[in-house]
file entry_18.txt (compact mmCIF, C-alpha atoms)
# COMPACT_ATOMS: atom_id res chain seq x y z
CA MET A 8 85.50 88.26 90.09
CA VAL A 9 89.23 88.44 90.91
CA ASP A 10 89.89 85.39 88.74
CA GLY A 11 87.93 87.03 85.94
CA LEU A 12 90.00 90.21 86.19
CA LYS A 13 93.25 88.24 86.27
CA GLY A 14 92.25 86.54 83.03
CA THR A 15 91.79 89.78 81.10
CA LYS A 16 94.40 90.88 78.59
CA ILE A 17 94.60 94.37 80.08
CA TYR A 18 95.58 92.94 83.47
CA GLN A 19 98.13 90.57 81.98
CA ASP A 20 99.67 93.35 79.89
CA TYR A 21 99.75 95.80 82.77
CA ILE A 22 101.32 93.43 85.30
CA THR A 23 104.07 92.61 82.77
CA ALA A 24 104.71 96.28 81.99
CA PHE A 25 104.70 97.17 85.68
CA ALA A 26 107.28 94.50 86.51
CA ASP A 27 109.49 95.44 83.57
CA THR A 28 109.32 99.16 84.31
CA PHE A 29 109.67 99.26 88.09
CA SER A 30 111.17 95.84 88.96
CA LEU A 31 108.58 95.61 91.73
CA PRO A 32 106.16 92.80 92.58
CA LEU A 33 102.46 93.29 91.86
CA ALA A 34 99.47 91.16 92.80
CA LEU A 35 95.70 91.34 92.58
CA ARG A 36 94.39 90.33 95.99
CA ALA A 37 90.84 89.27 96.77
CA LEU A 38 89.00 90.88 99.67
CA ASN A 39 89.61 89.07 102.99
CA SER A 40 92.27 86.88 101.43
CA VAL A 41 94.41 85.01 104.01
CA VAL A 42 97.47 84.56 101.83
CA MET A 43 100.59 86.65 101.35
CA PRO A 44 99.80 88.12 97.91
CA LEU A 45 103.34 89.03 96.88
CA HIS A 46 104.94 85.73 97.85
CA GLY A 47 106.24 83.93 94.78
CA THR A 48 105.65 86.88 92.46
CA LYS A 49 108.25 88.28 90.09
CA HIS A 50 110.59 90.72 91.86
CA GLU A 51 109.49 89.61 95.33
CA ALA A 52 111.85 91.13 97.91
CA PRO A 53 114.51 88.52 98.88
CA PHE A 54 114.02 89.38 102.56
CA CYS A 55 110.25 88.80 102.31
CA ALA A 56 110.81 85.51 100.51
CA LEU A 57 112.95 84.26 103.42
CA MET A 58 110.44 85.46 106.00
CA ALA A 59 107.63 83.57 104.26
CA ARG A 60 109.38 80.29 105.06
CA THR A 61 108.97 80.59 108.83
CA ASN A 62 105.69 80.38 110.70
CA LYS A 63 106.23 83.21 113.19
CA SER A 64 107.43 85.80 110.72
CA CYS A 65 104.82 84.67 108.19
CA SER A 66 102.17 85.31 110.83
CA ALA A 67 103.54 88.84 111.36
CA CYS A 68 103.31 89.46 107.61
CA LEU A 69 99.72 88.24 107.48
CA GLU A 70 98.83 90.59 110.32
CA LEU A 71 100.33 93.44 108.30
CA GLN A 72 98.25 92.41 105.27
CA ALA A 73 95.10 92.51 107.40
CA ARG A 74 95.98 96.00 108.67
CA VAL A 75 96.72 97.28 105.16
CA GLU A 76 93.40 95.91 103.91
CA GLN A 77 91.47 97.46 106.77
CA GLU A 78 93.02 100.89 106.29
CA ALA A 79 92.84 100.87 102.47
CA GLN A 80 89.06 100.70 102.17
CA LEU A 81 88.72 104.25 100.83
CA GLU A 82 92.13 105.12 99.41
CA PRO A 83 95.59 103.61 98.92
CA GLN A 84 97.54 102.92 102.09
CA THR A 85 101.18 102.10 102.80
CA LEU A 86 102.31 100.44 106.03
CA LYS A 87 105.69 99.26 107.29
CA CYS A 88 106.44 95.80 108.63
CA PHE A 89 108.59 95.12 111.70
CA ALA A 90 111.68 95.24 109.45
CA GLY A 91 110.81 98.65 107.99
CA LEU A 92 109.80 97.37 104.53
CA CYS A 93 106.75 99.04 102.98
CA ASP A 94 103.68 97.24 101.68
CA SER A 95 100.95 99.13 99.85
CA ALA A 96 97.36 98.29 98.91
CA VAL A 97 95.24 100.16 96.36
CA PRO A 98 91.50 99.43 96.58
CA ILE A 99 89.44 98.51 93.54
CA ARG A 100 86.00 99.94 94.22
CA VAL A 101 82.76 99.23 92.40
CA GLY A 102 80.19 101.66 93.70
CA ASP A 103 80.47 101.71 97.47
CA ASN A 104 82.11 98.29 97.68
CA VAL A 105 85.75 97.25 97.64
CA ILE A 106 86.08 94.06 95.58
CA ALA A 107 89.86 93.60 95.61
CA PHE A 108 93.24 95.27 96.06
CA LEU A 109 96.25 95.88 93.88
CA GLN A 110 99.23 95.23 96.09
CA THR A 111 102.92 96.00 95.80
CA GLY A 112 105.78 96.61 98.19
CA GLY A 113 108.72 94.93 99.82
CA ILE A 114 110.74 98.12 99.45
CA LEU A 115 112.63 100.50 101.74
CA LEU A 116 112.33 104.27 101.60
CA HIS A 117 115.95 104.69 102.68
CA LYS A 118 119.18 102.75 102.38
CA PRO A 119 119.40 99.85 104.84
CA ASN A 120 122.05 100.03 107.54
CA ARG A 121 123.54 97.62 110.04
CA ARG A 122 122.01 99.30 113.08
CA GLU A 123 118.53 98.68 111.68
CA PHE A 124 119.40 95.14 110.69
CA LYS A 125 120.49 94.36 114.27
CA LYS A 126 117.10 95.61 115.43
CA VAL A 127 115.43 93.30 112.93
CA THR A 128 117.39 90.28 114.18
CA ARG A 129 116.38 91.10 117.77
CA GLU A 130 112.73 91.13 116.71
CA LEU A 131 113.15 87.79 115.00
CA LEU A 132 114.70 86.33 118.14
CA LYS A 133 111.61 87.47 120.03
CA PHE A 134 109.50 85.64 117.45
CA GLY A 135 111.57 82.53 118.04
CA THR A 136 112.34 82.40 114.32
CA ASP A 137 115.06 80.00 113.22
CA VAL A 138 116.79 81.60 110.22
CA ASP A 139 120.25 81.75 108.72
CA VAL A 140 121.36 85.22 109.87
CA LYS A 141 123.99 85.53 107.15
CA LYS A 142 121.47 84.79 104.39
CA LEU A 143 118.98 87.09 106.05
CA GLU A 144 121.51 89.92 106.15
CA GLU A 145 122.35 89.45 102.48
CA ALA A 146 118.65 89.49 101.60
CA TYR A 147 117.97 92.56 103.73
CA PHE A 148 120.70 94.59 102.07
CA GLN A 149 119.42 93.54 98.64
CA THR A 150 116.06 95.20 99.35
CA ARG A 151 114.96 97.62 96.64
CA VAL A 152 115.28 101.26 97.76
CA LEU A 153 113.04 104.02 96.39
CA ASP A 154 112.71 107.57 97.61
CA ARG A 155 109.27 108.63 98.81
CA THR A 156 108.49 110.68 95.68
CA GLN A 157 109.27 107.74 93.38
CA TYR A 158 107.15 105.36 95.41
CA GLU A 159 104.21 107.75 95.61
CA ALA A 160 104.31 108.01 91.81
CA VAL A 161 104.11 104.21 91.58
CA ILE A 162 101.05 104.19 93.85
CA ARG A 163 99.37 106.89 91.74
CA LEU A 164 99.80 104.75 88.64
CA LEU A 165 98.29 101.77 90.45
CA THR A 166 95.37 103.96 91.50
CA ILE A 167 94.65 104.80 87.86
CA PHE A 168 94.87 101.13 86.92
CA ALA A 169 92.53 100.21 89.79
CA LYS A 170 89.88 102.48 88.23
CA HIS A 171 90.28 100.68 84.91
CA LEU A 172 89.86 97.32 86.63
CA ALA A 173 86.75 98.62 88.39
CA GLU A 174 85.23 99.50 85.02
CA ILE A 175 86.04 96.06 83.66
CA SER A 176 84.65 94.45 86.81
CA THR A 177 81.34 96.23 86.31
CA GLN A 178 81.25 95.03 82.73
CA LEU A 179 82.03 91.45 83.75
CA THR A 180 79.25 91.51 86.34
CA THR A 181 76.76 92.77 83.78
CA MET A 182 77.83 90.07 81.34
CA LYS A 183 77.34 87.35 83.94
CA GLN A 184 73.92 88.62 84.95
CA GLN A 185 72.71 88.73 81.37
CA ALA A 186 74.03 85.22 80.67
CA GLU A 187 74.50 86.24 77.07
CA ALA A 188 76.13 84.37 74.22
CA PRO A 189 79.87 83.77 74.74
CA MET A 190 80.63 85.69 71.55
CA ILE A 191 78.86 88.80 72.85
CA THR A 192 80.57 88.46 76.24
CA ARG A 193 83.99 88.30 74.60
CA ALA A 194 83.09 91.20 72.31
CA LYS A 195 82.03 93.43 75.21
CA LEU A 196 85.19 92.67 77.12
CA TYR A 197 87.29 93.39 74.05
CA ILE A 198 85.52 96.70 73.52
CA VAL A 199 86.03 97.72 77.16
CA GLU A 200 89.73 96.86 77.00
CA HIS A 201 90.24 98.79 73.74
CA GLN A 202 87.73 101.62 74.13
CA THR A 203 90.47 104.27 74.41
CA GLU A 204 91.94 103.22 71.05
CA GLU A 205 90.74 103.89 67.50
CA LEU A 206 88.42 100.88 67.44
CA SER A 207 86.25 99.72 64.53
CA LEU A 208 83.40 97.24 64.13
CA VAL A 209 85.62 95.15 61.84
CA GLN A 210 88.30 94.88 64.54
CA ALA A 211 85.76 93.84 67.17
CA ALA A 212 84.26 91.22 64.84
CA LYS A 213 87.71 89.85 64.04
CA ALA A 214 88.51 89.63 67.77
CA VAL A 215 85.61 87.19 68.26
CA ASN A 216 86.23 85.30 64.97
CA THR A 217 83.12 86.28 63.06
CA SER A 218 82.16 88.40 60.07
CA ALA A 219 81.36 92.07 60.50
CA PHE A 220 77.82 91.53 59.15
CA TYR A 221 77.02 88.69 61.56
CA PHE A 222 78.66 90.48 64.48
CA CYS A 223 76.69 93.65 63.81
CA LYS A 224 73.41 91.74 63.73
CA MET A 225 74.05 89.63 66.85
CA PHE A 226 75.49 92.52 68.87
CA HIS A 227 72.44 94.67 68.20
CA GLN A 228 70.10 91.83 69.14
CA ALA A 229 71.95 91.24 72.43
CA THR A 230 72.44 94.85 73.54
CA GLY A 231 69.77 96.83 71.74
CA LEU A 232 72.56 99.11 70.53
CA THR A 233 74.72 99.36 67.48
CA PHE A 234 78.44 98.82 67.96
CA THR A 235 79.03 102.55 67.45
CA ASP A 236 76.42 103.59 70.04
CA TYR A 237 77.70 101.05 72.57
CA LEU A 238 81.27 102.28 72.22
CA ALA A 239 80.13 105.90 72.44
CA GLN A 240 78.31 105.23 75.71
CA LEU A 241 81.38 103.60 77.24
CA ARG A 242 83.57 106.50 76.23
CA VAL A 243 81.15 109.14 77.52
CA GLU A 244 80.95 107.37 80.90
CA LYS A 245 84.74 107.35 81.03
CA VAL A 246 84.84 111.07 80.24
CA LYS A 247 82.34 111.79 83.02
CA ASN A 248 84.54 109.87 85.44
CA LEU A 249 87.68 111.72 84.30
CA LEU A 250 86.00 115.13 84.56
CA GLN A 251 85.50 114.63 88.29
CA ASN A 252 89.18 115.54 88.51
CA PRO A 253 89.21 119.38 88.44
CA GLN A 254 92.75 119.35 87.01
CA LYS A 255 91.65 117.46 83.89
CA THR A 256 90.59 119.58 80.93
CA ILE A 257 87.60 118.56 78.83
CA SER A 258 89.74 118.04 75.73
CA GLU A 259 92.22 115.89 77.68
CA ALA A 260 89.38 113.74 79.00
CA ALA A 261 87.85 113.37 75.54
CA PHE A 262 91.04 112.17 73.86
CA GLU A 263 91.98 109.98 76.85
CA ALA A 264 88.60 108.24 76.58
CA GLY A 265 89.17 107.43 72.91
CA PHE A 266 87.36 110.15 70.95
CA GLN A 267 89.26 111.05 67.81
CA SER A 268 88.11 114.68 67.51
CA LEU A 269 86.56 117.31 69.76
CA SER A 270 83.72 117.98 67.34
CA GLN A 271 82.77 114.28 67.39
CA PHE A 272 83.07 114.20 71.18
CA ASN A 273 80.90 117.30 71.73
CA ARG A 274 78.22 115.99 69.39
CA VAL A 275 78.10 112.52 70.99
CA PHE A 276 78.26 113.84 74.56
CA ARG A 277 75.38 116.26 74.02
CA HIS A 278 73.31 113.57 72.29
CA LEU A 279 73.76 111.05 75.12
CA VAL A 280 73.82 113.35 78.17
CA GLY A 281 71.48 116.08 76.99
CA GLU A 282 73.88 118.96 77.65
CA THR A 283 77.35 120.10 76.71
CA PRO A 284 80.41 118.78 78.57
CA THR A 285 81.04 122.27 79.97
CA ALA A 286 77.50 122.53 81.34
CA TRP A 287 77.62 119.00 82.75
CA ARG A 288 80.91 119.73 84.57
CA ALA A 289 79.58 123.01 85.95
CA ASN A 290 76.51 121.22 87.34
CA LEU A 291 78.78 118.57 88.84
CA HIS A 292 80.83 121.20 90.69
CA ARG A 293 77.69 122.96 91.93
CA SER A 294 76.35 119.67 93.27
CA SER A 295 79.64 118.97 95.04
CA ALA A 296 79.69 122.40 96.64
CA ALA A 297 76.09 122.21 97.84

call {"tool": "encode", "arguments": {"input": "entry_18.txt", "output": "structure tokens"}}
result
Amino acid sequence: MVDGLKGTKIYQDYITAFADTFSLPLALRALNSVVMPLHGTKHEAPFCALMARTNKSCSACLELQARVEQEAQLEPQTLKCFAGLCDSAVPIRVGDNVIAFLQTGGILLHKPNRREFKKVTRELLKFGTDVDVKKLEEAYFQTRVLDRTQYEAVIRLLTIFAKHLAEISTQLTTMKQQAEAPMITRAKLYIVEHQTEELSLVQAAKAVNTSAFYFCKMFHQATGLTFTDYLAQLRVEKVKNLLQNPQKTISEAAFEAGFQSLSQFNRVFRHLVGETPTAWRANLHRSSAA
């Protein structure tokens, strides 16, 4: 599943944008992975890159990864390594299960100083690590520094992206189970990735290299739905997910999910759900309070 997510265009685009915007490393890590996910990634912290070369310090980093994974089962978690650098994991949940983590880090929440670096070197001596102290010092003082508010904002963005990846993961699982034609599989994935945009049947057909007429016929045979109905269902489910946030207005959720007008949204929502968005949200809140 992780390999499937890594191969999607939305993941490739996001990881590029994330690196360009924040100059931070980002990795998609499988559950129970025994590798250092950020090693070798773009913008990897120089200090972490040096530590990965030695067995003892590498072992300490792997222990940190295991702790982060254990504590990030329900919500994002940030832990500090022995050198004070932060690593964060954001869970990607499908139902009750965590399938993977988005991971970033290798940053400090304050400017490094020589007193702290001396403490780090003492720890490394305890590990029995053989490193070039001068290079290590240079790398340590090159560590990216963010204040806590900035870093928390980064984690919130990753949390939003994790929800998108969870939606795509569900779609990929369904595709695999149905063992449908490759064209339909590609079409579904394309629709999921572009559902928040102004998407047409012609665009979807073009994305899988077929005519609109043939695509329309084959898509209906495979799904039992027209392209329009399939897209509407995806968008309504996204709205329902967004409306669980009490700070999100109904109109914000509708436009964020890809609906082009509120009248269209209200009509489609009522047709598919059987009640208005306002009534559905009110019932949701009553259920939560009960």

call {"tool": "residues_around", "arguments": {"input": "entry_18.txt", "residues": "region 270-278 of chain A", "least_positions_apart": "6", "cutoff": "10 Å", "atoms": "only C-alpha atoms", "output": "PDB file with C-alpha atoms, keeping the file's coordinate frame"}}
result
ATOM      1  CA  ASP A 236      76.420 103.590  70.040  1.00  0.00           C
ATOM      2  CA  ALA A 239      80.130 105.900  72.440  1.00  0.00           C
ATOM      3  CA  GLN A 240      78.310 105.230  75.710  1.00  0.00           C
ATOM      4  CA  ARG A 242      83.570 106.500  76.230  1.00  0.00           C
ATOM      5  CA  VAL A 243      81.150 109.140  77.520  1.00  0.00           C
ATOM      6  CA  GLU A 244      80.950 107.370  80.900  1.00  0.00           C
ATOM      7  CA  VAL A 246      84.840 111.070  80.240  1.00  0.00           C
ATOM      8  CA  LYS A 247      82.340 111.790  83.020  1.00  0.00           C
ATOM      9  CA  ILE A 257      87.600 118.560  78.830  1.00  0.00           C
ATOM     10  CA  SER A 258      89.740 118.040  75.730  1.00  0.00           C
ATOM     11  CA  ALA A 261      87.850 113.370  75.540  1.00  0.00           C
ATOM     12  CA  PHE A 262      91.040 112.170  73.860  1.00  0.00           C
ATOM     13  CA  ALA A 264      88.600 108.240  76.580  1.00  0.00           C
ATOM     14  CA  PRO A 284      80.410 118.780  78.570  1.00  0.00           C
ATOM     15  CA  THR A 285      81.040 122.270  79.970  1.00  0.00           C
ATOM     16  CA  ALA A 286      77.500 122.530  81.340  1.00  0.00           C
ATOM     17  CA  TRP A 287      77.620 119.000  82.750  1.00  0.00           C
TER      18      TRP A 287
END

call {"tool": "residues_around", "arguments": {"input": "entry_18.txt", "residues": "Cys68 (chain A)", "least_positions_apart": "6", "cutoff": "12 Å", "atoms": "all atoms listed in the file", "output": "list of chain:residue names"}}
result
A:Val41, A:Val42, A:Met43, A:Pro44, A:Leu45, A:His46, A:Phe54, A:Cys55, A:Ala56, A:Leu57, A:Met58, A:Ala59, A:Arg60, A:Thr61, A:Asn62, A:Arg74, A:Val75, A:Leu86, A:Lys87, A:Cys88, A:Phe89, A:Ala90, A:Gly91, A:Leu92, A:Cys93, A:Asp94, A:Gly113

call {"tool": "residues_around", "arguments": {"input": "entry_18.txt", "residues": "Asn216 (chain A)", "least_positions_apart": "3", "cutoff": "12 Å", "atoms": "only C-alpha atoms", "output": "MDAnalysis selection string"}}
result
chainID A and resid 189:191 193:194 209:213 219:222

call {"tool": "atom_distance", "arguments": {"input": "entry_18.txt", "atom1": "CA of Ile106 (chain A)", "atom2": "CA of Val215 (chain A)"}}
result
28.2 Å

call {"tool": "atom_distance", "arguments": {"input": "entry_18.txt", "atom1": "CA of Glu205 (chain A)", "atom2": "CA of Ala160 (chain A)"}}
result
28.1 Å

call {"tool": "atom_distance", "arguments": {"input": "entry_18.txt", "atom1": "CA of Leu115 (chain A)", "atom2": "CA of Leu132 (chain A)"}}
result
21.8 Å

call {"tool": "residues_around", "arguments": {"input": "entry_18.txt", "residues": "region 125-130 of chain A", "least_positions_apart": "6", "cutoff": "10 Å", "atoms": "all atoms listed in the file", "output": "list in words"}}
result
Ser64, Phe89, Ala90, Gly91, Thr136, Val138, Val140, Leu143, Glu144 and Tyr147 of chain A

call {"tool": "closest_atom_pairs", "arguments": {"input": "entry_18.txt", "of": "region 192-211 of chain A", "to": "region 161-184 of chain A", "cutoff": "9 Å", "atoms": "only C-alpha atoms", "output": "Markdown table"}}
result
| residue | atom | partner | partner_atom | distance |
| --- | --- | --- | --- | --- |
| A:Thr192 | CA | A:Met182 | CA | 6.0 |
| A:Lys195 | CA | A:Gln178 | CA | 7.7 |
| A:Leu196 | CA | A:Gln178 | CA | 7.3 |
| A:Val199 | CA | A:Ile175 | CA | 6.7 |
| A:Glu200 | CA | A:Ile175 | CA | 7.7 |

call {"tool": "closest_residue", "arguments": {"input": "entry_18.txt", "among": "A:Ala146, A:Ile114, A:Leu69, A:Ile22", "to": "Thr48 (chain A)", "atoms": "all atoms listed in the file"}}
result
A:Ile22

call {"tool": "residues_around", "arguments": {"input": "entry_18.txt", "residues": "Gln251 (chain A)", "least_positions_apart": "3", "cutoff": "8 Å", "atoms": "all atoms listed in the file", "output": "mmCIF file with C-alpha atoms, in the coordinates of the input"}}
result
data_model
loop_
_atom_site.group_PDB
_atom_site.id
_atom_site.type_symbol
_atom_site.label_atom_id
_atom_site.label_comp_id
_atom_site.auth_asym_id
_atom_site.auth_seq_id
_atom_site.Cartn_x
_atom_site.Cartn_y
_atom_site.Cartn_z
ATOM 1 C CA LYS A 247 82.340 111.790 83.020
ATOM 2 C CA ASN A 248 84.540 109.870 85.440
ATOM 3 C CA ARG A 288 80.910 119.730 84.570
ATOM 4 C CA LEU A 291 78.780 118.570 88.840
#

call {"tool": "closest_residue", "arguments": {"input": "entry_18.txt", "among": "A:Ala188, A:Ala73, A:Pro83, A:Val9", "to": "Thr230 (chain A)", "atoms": "all atoms listed in the file"}}
result
A:Ala188

call {"tool": "closest_residue", "arguments": {"input": "entry_18.txt", "among": "A:Glu145, A:Leu38, A:Leu238, A:Leu71", "to": "Asn104 (chain A)", "atoms": "all atoms listed in the file"}}
result
A:Leu38

call {"tool": "axis_aligned_box", "arguments": {"input": "entry_18.txt", "around": "region 150-168 of chain A", "padding_each_side": "3 Å", "output": "lines of an AutoDock Vina configuration file"}}
result
center_x = 105.4
center_y = 102.9
center_z = 93.1
size_x = 27.4
size_y = 21.5
size_z = 18.4

call {"tool": "decode", "arguments": {"input": "entry_18.txt", "residues": "region 213-268 of chain A", "atoms": "C-alpha atoms", "output": "PDB file, in the first residue's frame"}}
result
ATOM      1  CA  LYS A 213      -8.268  11.955 -21.790  1.00  0.00           C
ATOM      2  CA  ALA A 214      -6.286  11.034 -18.651  1.00  0.00           C
ATOM      3  CA  VAL A 215      -6.698   7.324 -19.478  1.00  0.00           C
ATOM      4  CA  ASN A 216      -6.212   7.791 -23.258  1.00  0.00           C
ATOM      5  CA  THR A 217      -9.677   6.900 -24.476  1.00  0.00           C
ATOM      6  CA  SER A 218     -12.677   8.612 -26.027  1.00  0.00           C
ATOM      7  CA  ALA A 219     -15.362  10.147 -23.845  1.00  0.00           C
ATOM      8  CA  PHE A 220     -18.008   7.824 -25.325  1.00  0.00           C
ATOM      9  CA  TYR A 221     -16.019   4.643 -24.659  1.00  0.00           C
ATOM     10  CA  PHE A 222     -14.950   5.832 -21.215  1.00  0.00           C
ATOM     11  CA  CYS A 223     -18.525   6.647 -20.245  1.00  0.00           C
ATOM     12  CA  LYS A 224     -19.725   3.200 -21.309  1.00  0.00           C
ATOM     13  CA  MET A 225     -16.905   1.226 -19.638  1.00  0.00           C
ATOM     14  CA  PHE A 226     -16.965   3.278 -16.433  1.00  0.00           C
ATOM     15  CA  HIS A 227     -20.687   2.703 -15.983  1.00  0.00           C
ATOM     16  CA  GLN A 228     -20.289  -1.025 -16.619  1.00  0.00           C
ATOM     17  CA  ALA A 229     -17.494  -1.285 -14.030  1.00  0.00           C
ATOM     18  CA  THR A 230     -18.977   0.875 -11.264  1.00  0.00           C
ATOM     19  CA  GLY A 231     -22.714   0.869 -11.876  1.00  0.00           C
ATOM     20  CA  LEU A 232     -22.531   4.661 -11.757  1.00  0.00           C
ATOM     21  CA  THR A 233     -22.186   7.437 -14.256  1.00  0.00           C
ATOM     22  CA  PHE A 234     -19.036   9.545 -14.055  1.00  0.00           C
ATOM     23  CA  THR A 235     -21.078  12.430 -12.633  1.00  0.00           C
ATOM     24  CA  ASP A 236     -22.695  10.303  -9.908  1.00  0.00           C
ATOM     25  CA  TYR A 237     -19.365   8.722  -8.952  1.00  0.00           C
ATOM     26  CA  LEU A 238     -17.699  12.109  -8.602  1.00  0.00           C
ATOM     27  CA  ALA A 239     -20.653  13.457  -6.624  1.00  0.00           C
ATOM     28  CA  GLN A 240     -20.429  10.578  -4.142  1.00  0.00           C
ATOM     29  CA  LEU A 241     -16.714  11.177  -3.591  1.00  0.00           C
ATOM     30  CA  ARG A 242     -17.279  14.867  -2.994  1.00  0.00           C
ATOM     31  CA  VAL A 243     -20.186  14.313  -0.600  1.00  0.00           C
ATOM     32  CA  GLU A 244     -18.090  11.874   1.454  1.00  0.00           C
ATOM     33  CA  LYS A 245     -15.328  14.468   1.607  1.00  0.00           C
ATOM     34  CA  VAL A 246     -17.813  17.112   2.771  1.00  0.00           C
ATOM     35  CA  LYS A 247     -19.086  14.789   5.505  1.00  0.00           C
ATOM     36  CA  ASN A 248     -15.515  14.277   6.683  1.00  0.00           C
ATOM     37  CA  LEU A 249     -14.803  18.027   6.659  1.00  0.00           C
ATOM     38  CA  LEU A 250     -18.002  18.844   8.553  1.00  0.00           C
ATOM     39  CA  GLN A 251     -16.788  16.841  11.539  1.00  0.00           C
ATOM     40  CA  ASN A 252     -14.646  19.901  12.222  1.00  0.00           C
ATOM     41  CA  PRO A 253     -16.998  22.302  14.073  1.00  0.00           C
ATOM     42  CA  GLN A 254     -14.952  25.291  12.861  1.00  0.00           C
ATOM     43  CA  LYS A 255     -15.633  24.485   9.203  1.00  0.00           C
ATOM     44  CA  THR A 256     -18.703  26.110   7.669  1.00  0.00           C
ATOM     45  CA  ILE A 257     -20.918  24.155   5.304  1.00  0.00           C
ATOM     46  CA  SER A 258     -20.133  26.455   2.383  1.00  0.00           C
ATOM     47  CA  GLU A 259     -16.384  26.169   3.038  1.00  0.00           C
ATOM     48  CA  ALA A 260     -16.633  22.379   3.083  1.00  0.00           C
ATOM     49  CA  ALA A 261     -18.679  22.329  -0.124  1.00  0.00           C
ATOM     50  CA  PHE A 262     -16.236  24.439  -2.137  1.00  0.00           C
ATOM     51  CA  GLU A 263     -13.210  22.667  -0.620  1.00  0.00           C
ATOM     52  CA  ALA A 264     -14.643  19.330  -1.764  1.00  0.00           C
ATOM     53  CA  GLY A 265     -14.988  20.568  -5.345  1.00  0.00           C
ATOM     54  CA  PHE A 266     -18.609  21.671  -5.715  1.00  0.00           C
ATOM     55  CA  GLN A 267     -18.885  24.693  -7.966  1.00  0.00           C
ATOM     56  CA  SER A 268     -22.033  26.222  -6.440  1.00  0.00           C
TER      57      SER A 268
END
